[in-house]
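Engineer: Once you've had a glance at the structure underneath, I'll fire off some questions.
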Amino acid sequence: MKALENEIAWSWSRDKIYRRCKREYYWAYYGSWGGWEDGATPTQRKARFLKKLSDVNRLVGDAIHTPIAKALHLRSPAERTPPFQQITGEANEAFEHVVRLNGWRIGDVITDPSRGMGQLAERYYQLPDLDERLALARVKLGANLDGLRQSLYATIPFRHDARDLLWVDPVEHPAIMSRNEAMQAKRLTLDDGTLLYGSPDVVVKGTDGLVHIIDWKTGRLSSPDDLQIGAYAFFIQRKLDVPLDTMRGHLVHFLAPSEHQVVPIDGLVEKVALVRSMVGEFLADLRARLTDPQLNRADDIERFPMIEPGPTCMRCSYRELCGRAALGQPPAEDDEERGETA
Ligand code: SF4
């Protein structure tokens, strides 16, 4: 079997982590690399384990995104409305499954990092108000599912023929694709060798002849992530050969009242130009920190500095490794989305 290779790659989520904290990026892509191997150090194992943790906000997002994508992948040609009951059932089941997961606690020596998969960081860090956080998350999940049912945009991908669905977020599932196929689908190599990862939720060709990128949002309505749509447009342009000036973006916030639910994102030609410069800056800055850019080696952790202690650290899965676990976590009602790790 071909040995796994730690490749330099860009994605919206990698860029977000890199801008947030260089040390967090180090733990996610270097310190945790090889943590699954027999000869891994305790720190590598711990970092790998912490990378696999989820949290209550991410759990709500995953619990909704996956059943929608699965329903779109598996729908029959005659099915023209979203199977809301099935999506609701699967979302609630996925949520409660993770709530029941139990594993290590802070300070434990990790022997099998894969056991971190999906476990809640709040449980690992033994937050005293975990039950309250879970109760709030259940309310949030229910509100998102209500928003989904009322959303015109949720019905749009189902109303179209399968041939108009240019992209649905790849899902690992026995009837859809393997984990490796899902990873390959999200991967794109540019002409200059730059490796990108991306995956919008849905891309559909409309009756207006335009190509619509739809992204489901399950968090609080905040400043629009319009450059995220720019990153998806860049990916879709190169992956599916779609002209940029035919694309439109739509952020669909299930928690917003239906009349404010959709934030249109235009000007994708300019946004993609910005994203391309972000990719170039990211790669240049990252390579300058590596001890061997050719081999993608980061043997000097100090080149990836920590940030000042504060709310970002309080939400960070790696705070144990940075000696900042005692900071605690922001109050449940103040906590915000951190997004996935690509
Ligand atoms: S705990 Fe703070 S300094 Fe350490 S990786 Fe996380 S965000 Fe960075």
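In the structure tokens, chains take letters A, B, ... by order of appearance, with residues numbered from 1 within each chain and ligands from 1 in the order shown.
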Show me, as a count of residues only, the residues that have an atom within 9 Å of A:Ile214 when counting only C-alpha atoms, minus same-chain residues fewer than 2 positions from it.

Structural biologist: 14

Engineer: Can you tell me which residues sit at most 7 Å away from ligand 1, counting only C-alpha atoms and all ligand atoms, written as a list in words?

Structural biologist: Cys21, Lys22, Arg23, Glu24, Trp27, Met306, Ile307, Glu308, Pro309, Thr312, Cys313, Met314, Cys316, Ser317, Tyr318, Arg319, Cys322 and Arg324 of chain A

Engineer: To test your reading of the structure, identify every residue in stretch 25-274 of chain A that backbone DSSP assigns to alpha helix (DSSP H), and report it as a ChimeraX atom specification.

Structural biologist: /A:25-26,42-51,56-74,84-100,121-124,130-150,152-159,179-185,226-240,268-274

Engineer: What are the DSSP strand (DSSP E or B) residues of stretch 181-318 of chain A, as a PyMOL selection string?

Structural biologist: chain A and resi 187-189+195-197+202-205+211-217+247-253+262-265+292+297

Engineer: Between atom CA of A:Phe282 and atom CA of A:Glu7, measure the distance and give it in Å to one decimal.

Structural biologist: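 Atom CA of A:Glu7 lies at a distance of 14.2 Å from atom CA of A:Phe282.
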
Engineer: Tell me, as a list of chain:residue names, which residues lie within 6 Å of stretch 179-193 of chain A, counting only C-alpha atoms; anything in the same chain fewer than 6 positions away does not count.

Structural biologist: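 In the requested form, the answer reads A:Pro170, A:Glu172, A:Ser199.
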
Engineer: How would the residues just picked look written out with C-alpha atoms as a PDB file, in the first residue's frame?

Structural biologist:
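Produced file selection-v1.pdb, reproduced below:
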```
ATOM      1  CA  PRO A 170     -19.548  14.003  -1.168  1.00  0.00           C
ATOM      2  CA  GLU A 172     -19.044   8.536   2.811  1.00  0.00           C
ATOM      3  CA  SER A 199     -16.718  21.161  -1.285  1.00  0.00           C
TER       4      SER A 199
END
```

Engineer: Using only C-alpha atoms, which residue out of A:Val60, A:Leu127, A:Asp164, A:Ile68 lies closest to A:Pro83?

Structural biologist: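 Of all the options, A:Ile68 lies closest to A:Pro83.
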
Engineer: Please compute the atom CA of A:Val109-atom CA of A:Pro42 distance, one decimal, in Å.

Structural biologist: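 Value for the atom CA of A:Val109-atom CA of A:Pro42 distance: 7.2 Å.
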